[in-house]
>>> print(open('protein_1.txt').read())   # compact mmCIF, all heavy atoms
# COMPACT_ATOMS: atom_id res chain seq x y z
N MET A 1 -1.31 9.77 9.93
CA MET A 1 -2.07 10.20 8.78
C MET A 1 -3.37 9.38 8.76
O MET A 1 -3.33 8.16 8.78
CB MET A 1 -1.25 9.97 7.51
CG MET A 1 -1.98 10.35 6.23
SD MET A 1 -1.05 10.04 4.71
CE MET A 1 0.14 11.34 4.72
N SER A 2 -4.48 10.08 8.71
CA SER A 2 -5.77 9.38 8.68
C SER A 2 -5.98 8.75 7.31
O SER A 2 -5.29 9.07 6.33
CB SER A 2 -6.90 10.37 8.97
OG SER A 2 -7.11 11.23 7.86
N ALA A 3 -6.97 7.88 7.21
CA ALA A 3 -7.28 7.23 5.94
C ALA A 3 -7.68 8.27 4.89
O ALA A 3 -7.31 8.16 3.72
CB ALA A 3 -8.38 6.20 6.14
N ASP A 4 -8.44 9.30 5.30
CA ASP A 4 -8.85 10.35 4.37
C ASP A 4 -7.65 11.14 3.87
O ASP A 4 -7.55 11.48 2.69
CB ASP A 4 -9.86 11.30 5.02
CG ASP A 4 -11.22 10.67 5.21
OD1 ASP A 4 -11.51 9.65 4.55
OD2 ASP A 4 -12.01 11.20 6.02
N GLU A 5 -6.73 11.47 4.78
CA GLU A 5 -5.53 12.20 4.40
C GLU A 5 -4.66 11.38 3.46
O GLU A 5 -4.12 11.90 2.48
CB GLU A 5 -4.72 12.59 5.64
CG GLU A 5 -5.39 13.65 6.49
CD GLU A 5 -4.72 13.83 7.84
OE1 GLU A 5 -4.16 12.86 8.38
OE2 GLU A 5 -4.75 14.96 8.34
N LYS A 6 -4.56 10.09 3.74
CA LYS A 6 -3.76 9.21 2.90
C LYS A 6 -4.38 9.12 1.50
O LYS A 6 -3.67 9.17 0.50
CB LYS A 6 -3.65 7.82 3.52
CG LYS A 6 -2.71 6.92 2.77
CD LYS A 6 -2.49 5.62 3.52
CE LYS A 6 -1.47 4.77 2.79
NZ LYS A 6 -1.14 3.56 3.52
N ALA A 7 -5.70 9.01 1.43
CA ALA A 7 -6.39 8.94 0.14
C ALA A 7 -6.17 10.23 -0.66
O ALA A 7 -5.92 10.18 -1.87
CB ALA A 7 -7.88 8.68 0.35
N ALA A 8 -6.25 11.37 0.01
CA ALA A 8 -6.04 12.66 -0.66
C ALA A 8 -4.60 12.76 -1.16
O ALA A 8 -4.36 13.22 -2.28
CB ALA A 8 -6.36 13.81 0.29
N PHE A 9 -3.66 12.33 -0.34
CA PHE A 9 -2.25 12.35 -0.72
C PHE A 9 -2.04 11.48 -1.96
O PHE A 9 -1.39 11.90 -2.92
CB PHE A 9 -1.39 11.84 0.44
CG PHE A 9 0.07 11.80 0.14
CD1 PHE A 9 0.85 12.94 0.25
CD2 PHE A 9 0.68 10.62 -0.24
CE1 PHE A 9 2.20 12.90 -0.03
CE2 PHE A 9 2.03 10.58 -0.53
CZ PHE A 9 2.80 11.72 -0.42
N GLN A 10 -2.60 10.27 -1.95
CA GLN A 10 -2.43 9.37 -3.08
C GLN A 10 -3.07 9.96 -4.33
O GLN A 10 -2.49 9.85 -5.42
CB GLN A 10 -3.04 8.01 -2.76
CG GLN A 10 -2.21 7.24 -1.76
CD GLN A 10 -2.85 5.93 -1.34
OE1 GLN A 10 -4.06 5.76 -1.40
NE2 GLN A 10 -2.04 5.00 -0.89
N GLN A 11 -4.21 10.59 -4.19
CA GLN A 11 -4.88 11.18 -5.34
C GLN A 11 -4.03 12.30 -5.93
O GLN A 11 -3.88 12.41 -7.15
CB GLN A 11 -6.24 11.73 -4.93
CG GLN A 11 -7.02 12.34 -6.09
CD GLN A 11 -8.37 12.87 -5.65
OE1 GLN A 11 -8.69 12.93 -4.47
NE2 GLN A 11 -9.18 13.26 -6.60
N GLN A 12 -3.44 13.13 -5.09
CA GLN A 12 -2.62 14.25 -5.55
C GLN A 12 -1.29 13.81 -6.16
O GLN A 12 -0.77 14.47 -7.05
CB GLN A 12 -2.35 15.23 -4.41
CG GLN A 12 -3.55 15.97 -3.91
CD GLN A 12 -4.11 16.92 -4.97
OE1 GLN A 12 -3.38 17.52 -5.74
NE2 GLN A 12 -5.41 17.04 -5.00
N CYS A 13 -0.75 12.70 -5.67
CA CYS A 13 0.62 12.33 -6.04
C CYS A 13 0.76 11.09 -6.92
O CYS A 13 1.87 10.78 -7.34
CB CYS A 13 1.46 12.14 -4.78
SG CYS A 13 1.69 13.66 -3.84
N MET A 14 -0.33 10.39 -7.21
CA MET A 14 -0.20 9.14 -7.96
C MET A 14 0.41 9.36 -9.34
O MET A 14 1.28 8.61 -9.77
CB MET A 14 -1.55 8.44 -8.09
CG MET A 14 -1.43 7.06 -8.72
SD MET A 14 -0.22 5.94 -7.97
CE MET A 14 -0.97 5.58 -6.41
N GLY A 15 0.00 10.40 -10.04
CA GLY A 15 0.58 10.68 -11.36
C GLY A 15 2.05 10.98 -11.27
O GLY A 15 2.85 10.49 -12.09
N ASP A 16 2.43 11.77 -10.28
CA ASP A 16 3.85 12.10 -10.08
C ASP A 16 4.64 10.85 -9.70
O ASP A 16 5.75 10.66 -10.17
CB ASP A 16 4.00 13.16 -8.98
CG ASP A 16 3.41 14.50 -9.39
OD1 ASP A 16 3.88 15.06 -10.39
OD2 ASP A 16 2.47 14.95 -8.73
N PHE A 17 4.05 10.02 -8.86
CA PHE A 17 4.71 8.79 -8.46
C PHE A 17 4.99 7.92 -9.68
O PHE A 17 6.10 7.43 -9.87
CB PHE A 17 3.86 8.01 -7.44
CG PHE A 17 4.49 6.70 -7.05
CD1 PHE A 17 5.46 6.65 -6.07
CD2 PHE A 17 4.12 5.53 -7.69
CE1 PHE A 17 6.05 5.44 -5.73
CE2 PHE A 17 4.71 4.32 -7.37
CZ PHE A 17 5.68 4.28 -6.38
N THR A 18 3.97 7.76 -10.53
CA THR A 18 4.12 6.94 -11.74
C THR A 18 5.19 7.51 -12.66
O THR A 18 6.01 6.77 -13.21
CB THR A 18 2.78 6.85 -12.48
OG1 THR A 18 1.80 6.29 -11.59
CG2 THR A 18 2.87 5.98 -13.71
N THR A 19 5.20 8.84 -12.80
CA THR A 19 6.15 9.49 -13.69
C THR A 19 7.59 9.41 -13.18
O THR A 19 8.50 9.07 -13.93
CB THR A 19 5.77 10.97 -13.89
OG1 THR A 19 4.47 11.03 -14.47
CG2 THR A 19 6.76 11.68 -14.80
N PHE A 20 7.79 9.73 -11.92
CA PHE A 20 9.15 9.87 -11.39
C PHE A 20 9.65 8.67 -10.58
O PHE A 20 10.86 8.51 -10.41
CB PHE A 20 9.25 11.13 -10.53
CG PHE A 20 8.91 12.38 -11.28
CD1 PHE A 20 7.76 13.08 -11.00
CD2 PHE A 20 9.73 12.84 -12.30
CE1 PHE A 20 7.42 14.24 -11.71
CE2 PHE A 20 9.42 13.99 -13.01
CZ PHE A 20 8.26 14.68 -12.72
N CYS A 21 8.74 7.87 -10.07
CA CYS A 21 9.13 6.79 -9.16
C CYS A 21 8.51 5.46 -9.58
O CYS A 21 8.34 4.56 -8.75
CB CYS A 21 8.70 7.11 -7.74
SG CYS A 21 9.16 8.76 -7.17
N GLY A 22 8.15 5.33 -10.83
CA GLY A 22 7.42 4.16 -11.32
C GLY A 22 8.11 2.84 -11.13
O GLY A 22 7.46 1.80 -11.15
N ASP A 23 9.42 2.84 -10.92
CA ASP A 23 10.14 1.60 -10.72
C ASP A 23 10.06 1.10 -9.28
O ASP A 23 10.51 0.01 -8.96
CB ASP A 23 11.60 1.75 -11.14
CG ASP A 23 12.33 2.86 -10.39
OD1 ASP A 23 11.68 3.84 -9.99
OD2 ASP A 23 13.56 2.74 -10.23
N LEU A 24 9.43 1.88 -8.40
CA LEU A 24 9.28 1.51 -6.99
C LEU A 24 7.89 0.95 -6.73
O LEU A 24 6.95 1.23 -7.48
CB LEU A 24 9.49 2.73 -6.09
CG LEU A 24 10.84 3.43 -6.21
CD1 LEU A 24 10.82 4.73 -5.40
CD2 LEU A 24 11.95 2.52 -5.73
N THR A 25 7.74 0.19 -5.65
CA THR A 25 6.41 -0.27 -5.26
C THR A 25 5.70 0.90 -4.58
O THR A 25 6.32 1.67 -3.85
CB THR A 25 6.48 -1.47 -4.30
OG1 THR A 25 7.26 -1.11 -3.16
CG2 THR A 25 7.10 -2.68 -4.97
N PRO A 26 4.39 1.04 -4.82
CA PRO A 26 3.65 2.18 -4.24
C PRO A 26 3.37 2.00 -2.76
O PRO A 26 2.29 1.60 -2.35
CB PRO A 26 2.37 2.22 -5.06
CG PRO A 26 2.19 0.83 -5.54
CD PRO A 26 3.57 0.24 -5.70
N GLU A 27 4.34 2.29 -1.94
CA GLU A 27 4.19 2.22 -0.49
C GLU A 27 4.91 3.39 0.13
O GLU A 27 5.76 4.01 -0.49
CB GLU A 27 4.75 0.90 0.05
CG GLU A 27 6.23 0.74 -0.24
CD GLU A 27 6.79 -0.61 0.19
OE1 GLU A 27 6.12 -1.63 -0.02
OE2 GLU A 27 7.89 -0.61 0.74
N ASP A 28 4.55 3.70 1.36
CA ASP A 28 5.19 4.82 2.05
C ASP A 28 6.44 4.32 2.75
O ASP A 28 6.47 4.10 3.94
CB ASP A 28 4.21 5.42 3.07
CG ASP A 28 4.80 6.61 3.78
OD1 ASP A 28 5.73 7.24 3.23
OD2 ASP A 28 4.35 6.92 4.90
N GLY A 29 7.48 4.14 1.96
CA GLY A 29 8.75 3.67 2.50
C GLY A 29 9.85 4.67 2.23
O GLY A 29 9.65 5.69 1.57
N PRO A 30 11.04 4.38 2.71
CA PRO A 30 12.16 5.29 2.53
C PRO A 30 12.50 5.54 1.06
O PRO A 30 12.89 6.64 0.68
CB PRO A 30 13.32 4.63 3.25
CG PRO A 30 12.82 3.38 3.86
CD PRO A 30 11.38 3.22 3.52
N GLY A 31 12.35 4.52 0.21
CA GLY A 31 12.65 4.70 -1.20
C GLY A 31 11.70 5.68 -1.86
O GLY A 31 12.12 6.55 -2.65
N THR A 32 10.42 5.58 -1.53
CA THR A 32 9.42 6.49 -2.09
C THR A 32 9.67 7.91 -1.60
O THR A 32 9.64 8.86 -2.38
CB THR A 32 8.00 6.04 -1.69
OG1 THR A 32 7.77 4.73 -2.22
CG2 THR A 32 6.95 6.98 -2.23
N GLN A 33 9.94 8.05 -0.32
CA GLN A 33 10.20 9.37 0.24
C GLN A 33 11.44 10.00 -0.41
O GLN A 33 11.44 11.17 -0.77
CB GLN A 33 10.38 9.28 1.75
CG GLN A 33 9.08 8.93 2.46
CD GLN A 33 9.27 8.70 3.95
OE1 GLN A 33 10.30 9.01 4.52
NE2 GLN A 33 8.26 8.13 4.58
N ALA A 34 12.48 9.21 -0.61
CA ALA A 34 13.70 9.71 -1.23
C ALA A 34 13.43 10.11 -2.68
O ALA A 34 13.95 11.14 -3.15
CB ALA A 34 14.80 8.65 -1.17
N CYS A 35 12.62 9.34 -3.37
CA CYS A 35 12.30 9.66 -4.76
C CYS A 35 11.55 10.98 -4.85
O CYS A 35 11.85 11.83 -5.69
CB CYS A 35 11.48 8.53 -5.39
SG CYS A 35 11.06 8.83 -7.11
N PHE A 36 10.55 11.16 -3.98
CA PHE A 36 9.81 12.43 -3.98
C PHE A 36 10.72 13.60 -3.63
O PHE A 36 10.63 14.66 -4.24
CB PHE A 36 8.61 12.38 -3.02
CG PHE A 36 7.39 11.71 -3.60
CD1 PHE A 36 6.61 10.88 -2.81
CD2 PHE A 36 6.99 11.93 -4.90
CE1 PHE A 36 5.47 10.28 -3.32
CE2 PHE A 36 5.85 11.34 -5.43
CZ PHE A 36 5.09 10.51 -4.64
N GLU A 37 11.60 13.43 -2.65
CA GLU A 37 12.52 14.50 -2.27
C GLU A 37 13.44 14.85 -3.44
O GLU A 37 13.68 16.02 -3.72
CB GLU A 37 13.35 14.10 -1.05
CG GLU A 37 12.58 14.06 0.24
CD GLU A 37 12.09 15.42 0.71
OE1 GLU A 37 12.76 16.44 0.45
OE2 GLU A 37 11.02 15.45 1.34
N LYS A 38 13.95 13.83 -4.11
CA LYS A 38 14.87 14.03 -5.24
C LYS A 38 14.18 14.80 -6.37
O LYS A 38 14.81 15.62 -7.04
CB LYS A 38 15.34 12.67 -5.75
CG LYS A 38 16.23 12.74 -6.97
CD LYS A 38 16.60 11.34 -7.41
CE LYS A 38 17.28 11.37 -8.77
NZ LYS A 38 17.46 10.03 -9.32
N ASN A 39 12.90 14.55 -6.58
CA ASN A 39 12.16 15.13 -7.69
C ASN A 39 11.22 16.25 -7.28
O ASN A 39 10.36 16.65 -8.06
CB ASN A 39 11.37 14.03 -8.41
CG ASN A 39 12.28 13.03 -9.08
OD1 ASN A 39 12.93 13.35 -10.06
ND2 ASN A 39 12.35 11.83 -8.54
N MET A 40 11.38 16.78 -6.07
CA MET A 40 10.45 17.77 -5.52
C MET A 40 10.18 18.92 -6.49
O MET A 40 9.04 19.33 -6.67
CB MET A 40 10.99 18.30 -4.19
CG MET A 40 10.01 19.21 -3.45
SD MET A 40 8.48 18.41 -2.92
CE MET A 40 9.06 17.37 -1.61
N ALA A 41 11.19 19.44 -7.13
CA ALA A 41 11.01 20.59 -8.02
C ALA A 41 10.18 20.25 -9.26
O ALA A 41 9.60 21.13 -9.87
CB ALA A 41 12.37 21.14 -8.45
N LYS A 42 10.12 18.97 -9.61
CA LYS A 42 9.39 18.54 -10.80
C LYS A 42 7.96 18.10 -10.49
O LYS A 42 7.16 17.91 -11.41
CB LYS A 42 10.12 17.36 -11.45
CG LYS A 42 11.53 17.66 -11.87
CD LYS A 42 12.17 16.39 -12.39
CE LYS A 42 13.67 16.53 -12.54
NZ LYS A 42 14.29 15.24 -12.86
N LEU A 43 7.63 17.91 -9.21
CA LEU A 43 6.31 17.41 -8.83
C LEU A 43 5.24 18.45 -9.10
O LEU A 43 5.50 19.65 -9.10
CB LEU A 43 6.29 17.03 -7.35
CG LEU A 43 7.26 15.92 -6.93
CD1 LEU A 43 7.16 15.70 -5.42
CD2 LEU A 43 7.03 14.64 -7.68
N SER A 44 4.01 17.98 -9.28
CA SER A 44 2.89 18.90 -9.47
C SER A 44 2.67 19.71 -8.20
O SER A 44 3.06 19.31 -7.10
CB SER A 44 1.62 18.11 -9.80
OG SER A 44 1.22 17.32 -8.69
N THR A 45 2.04 20.85 -8.37
CA THR A 45 1.77 21.73 -7.24
C THR A 45 0.95 21.01 -6.18
O THR A 45 1.25 21.09 -4.98
CB THR A 45 1.02 22.99 -7.71
OG1 THR A 45 1.84 23.66 -8.67
CG2 THR A 45 0.73 23.93 -6.56
N GLY A 46 -0.09 20.29 -6.59
CA GLY A 46 -0.93 19.57 -5.63
C GLY A 46 -0.17 18.55 -4.83
O GLY A 46 -0.37 18.40 -3.62
N CYS A 47 0.73 17.84 -5.49
CA CYS A 47 1.52 16.83 -4.79
C CYS A 47 2.50 17.49 -3.82
O CYS A 47 2.63 17.04 -2.68
CB CYS A 47 2.27 15.95 -5.80
SG CYS A 47 3.18 14.58 -5.04
N ARG A 48 3.17 18.55 -4.25
CA ARG A 48 4.09 19.26 -3.33
C ARG A 48 3.34 19.76 -2.10
O ARG A 48 3.84 19.66 -0.99
CB ARG A 48 4.77 20.42 -4.06
CG ARG A 48 5.86 19.98 -5.01
CD ARG A 48 6.76 21.12 -5.44
NE ARG A 48 6.06 22.30 -5.88
CZ ARG A 48 5.77 22.61 -7.14
NH1 ARG A 48 6.13 21.80 -8.12
NH2 ARG A 48 5.14 23.72 -7.44
N GLU A 49 2.14 20.31 -2.30
CA GLU A 49 1.35 20.80 -1.17
C GLU A 49 0.94 19.65 -0.25
O GLU A 49 0.97 19.79 0.97
CB GLU A 49 0.12 21.55 -1.67
CG GLU A 49 0.47 22.88 -2.30
CD GLU A 49 -0.72 23.58 -2.95
OE1 GLU A 49 -1.83 23.00 -2.98
OE2 GLU A 49 -0.53 24.72 -3.44
N ALA A 50 0.58 18.51 -0.82
CA ALA A 50 0.21 17.34 -0.02
C ALA A 50 1.39 16.86 0.81
O ALA A 50 1.25 16.51 1.99
CB ALA A 50 -0.32 16.23 -0.91
N ILE A 51 2.57 16.86 0.21
CA ILE A 51 3.78 16.45 0.93
C ILE A 51 4.08 17.41 2.08
O ILE A 51 4.38 16.99 3.20
CB ILE A 51 4.98 16.33 -0.03
CG1 ILE A 51 4.77 15.12 -0.96
CG2 ILE A 51 6.30 16.21 0.74
CD1 ILE A 51 5.77 15.04 -2.11
N GLN A 52 3.97 18.70 1.82
CA GLN A 52 4.22 19.69 2.87
C GLN A 52 3.21 19.54 4.01
O GLN A 52 3.58 19.63 5.19
CB GLN A 52 4.18 21.11 2.30
CG GLN A 52 5.33 21.42 1.36
CD GLN A 52 6.70 21.19 1.99
OE1 GLN A 52 6.93 21.52 3.15
NE2 GLN A 52 7.62 20.63 1.21
N SER A 53 1.94 19.31 3.68
CA SER A 53 0.92 19.12 4.71
C SER A 53 1.24 17.88 5.54
O SER A 53 1.09 17.89 6.77
CB SER A 53 -0.47 18.98 4.07
OG SER A 53 -0.85 20.17 3.48
N PHE A 54 1.66 16.82 4.88
CA PHE A 54 2.02 15.58 5.57
C PHE A 54 3.18 15.84 6.53
O PHE A 54 3.15 15.41 7.68
CB PHE A 54 2.38 14.50 4.55
CG PHE A 54 2.93 13.26 5.18
CD1 PHE A 54 2.10 12.37 5.85
CD2 PHE A 54 4.28 12.96 5.09
CE1 PHE A 54 2.61 11.22 6.43
CE2 PHE A 54 4.79 11.81 5.67
CZ PHE A 54 3.95 10.94 6.34
N LYS A 55 4.20 16.55 6.05
CA LYS A 55 5.36 16.84 6.92
C LYS A 55 4.97 17.68 8.12
O LYS A 55 5.44 17.43 9.23
CB LYS A 55 6.45 17.55 6.11
CG LYS A 55 7.19 16.67 5.14
CD LYS A 55 8.24 17.46 4.41
CE LYS A 55 9.05 16.61 3.46
NZ LYS A 55 10.07 17.40 2.75
N GLN A 56 4.10 18.68 7.92
CA GLN A 56 3.67 19.52 9.03
C GLN A 56 2.86 18.72 10.04
O GLN A 56 3.02 18.88 11.24
CB GLN A 56 2.86 20.70 8.51
CG GLN A 56 3.73 21.72 7.81
CD GLN A 56 2.92 22.87 7.20
OE1 GLN A 56 1.70 22.81 7.15
NE2 GLN A 56 3.60 23.88 6.71
N ALA A 57 1.99 17.84 9.56
CA ALA A 57 1.18 17.01 10.45
C ALA A 57 2.06 16.05 11.23
O ALA A 57 1.80 15.77 12.41
CB ALA A 57 0.13 16.26 9.65
N LYS A 58 3.08 15.55 10.59
CA LYS A 58 4.00 14.61 11.23
C LYS A 58 4.76 15.27 12.37
O LYS A 58 5.03 14.65 13.40
CB LYS A 58 4.96 14.07 10.18
CG LYS A 58 5.59 12.77 10.50
CD LYS A 58 6.36 12.25 9.30
CE LYS A 58 7.06 10.97 9.64
NZ LYS A 58 7.82 10.46 8.50
N ARG A 59 5.12 16.55 12.19
CA ARG A 59 5.82 17.29 13.24
C ARG A 59 4.91 17.60 14.41
O ARG A 59 5.38 17.76 15.53
CB ARG A 59 6.37 18.61 12.68
CG ARG A 59 7.55 18.41 11.77
CD ARG A 59 8.12 19.74 11.35
NE ARG A 59 8.69 19.61 10.02
CZ ARG A 59 8.58 20.48 9.06
NH1 ARG A 59 7.94 21.61 9.25
NH2 ARG A 59 9.12 20.27 7.89
N GLY A 60 3.61 17.72 14.09
CA GLY A 60 2.52 17.96 14.99
C GLY A 60 2.75 18.67 16.21
O GLY A 60 2.36 18.87 17.20
>>> encode(input="protein_1.txt", output="structure tokens")
Amino acid sequence: MSADEKAAFQQQCMGDFTTFCGDLTPEDGPGTQACFEKNMAKLSTGCREAIQSFKQAKRG
């Protein structure tokens, strides 16, 4: 993930992270990923799209 992609991801998901995963440290670790997966249906549209884009890029 490039720095620009990471910045866009953080911008799209920071509110969702604070709401659903606020007890975790803001890093791209297994706990954060699990929290987003657990709350996927509740996340904002922008954040869900950013996560899907990240997953597709990772599969590359």
>>> closest_residue(input="protein_1.txt", among="A:Phe54, A:Glu27, A:Lys42, A:Arg59", to="A:Ser2", atoms="only C-alpha atoms")
A:Phe54
>>> closest_residue(input="protein_1.txt", among="A:Cys47, A:Ser53, A:Ala41, A:Lys58", to="A:Gln12", atoms="all heavy atoms")
A:Cys47
>>> residues_near_point(input="protein_1.txt", point="(10.7, 5.5, -6.5)", cutoff="5 Å", atoms="all heavy atoms", output="ChimeraX atom specification")
/A:17,20-21,23-24,31-32,35
>>> atom_distance(input="protein_1.txt", atom1="atom CG of A:Gln52", atom2="atom CA of A:Met14")
16.4 Å
>>> residues_around(input="protein_1.txt", residues="A:Ala50", least_positions_apart="3", cutoff="12 Å", atoms="only C-alpha atoms", output="PyMOL selection string")
chain A and resi 1+5-14+16+36+40+43-47+53-57
>>> select_by_dssp(input="protein_1.txt", residues="stretch 4-38 of chain A", states="alpha helix (DSSP H)", output="list in words")
Asp4, Glu5, Lys6, Ala7, Ala8, Phe9, Gln10, Gln11, Gln12, Cys13, Met14, Gly15, Asp16, Phe17, Thr18, Thr19, Phe20, Cys21, Pro30, Gly31, Thr32, Gln33, Ala34, Cys35, Phe36, Glu37 and Lys38 of chain A
>>> atom_distance(input="protein_1.txt", atom1="atom CD of A:Arg48", atom2="atom OD1 of A:Asp4")
23.8 Å
>>> closest_residue(input="protein_1.txt", among="A:Gly22, A:Lys38, A:Ala3, A:Gln33", to="A:Ile51", atoms="only C-alpha atoms")
A:Gln33
>>> axis_aligned_box(input="protein_1.txt", around="stretch 44-57 of chain A", padding_each_side="4 Å", output="AutoDock Vina command-line options")
--center_x 4.1 --center_y 17.8 --center_z 1.3 --size_x 19.9 --size_y 21.8 --size_z 30.2
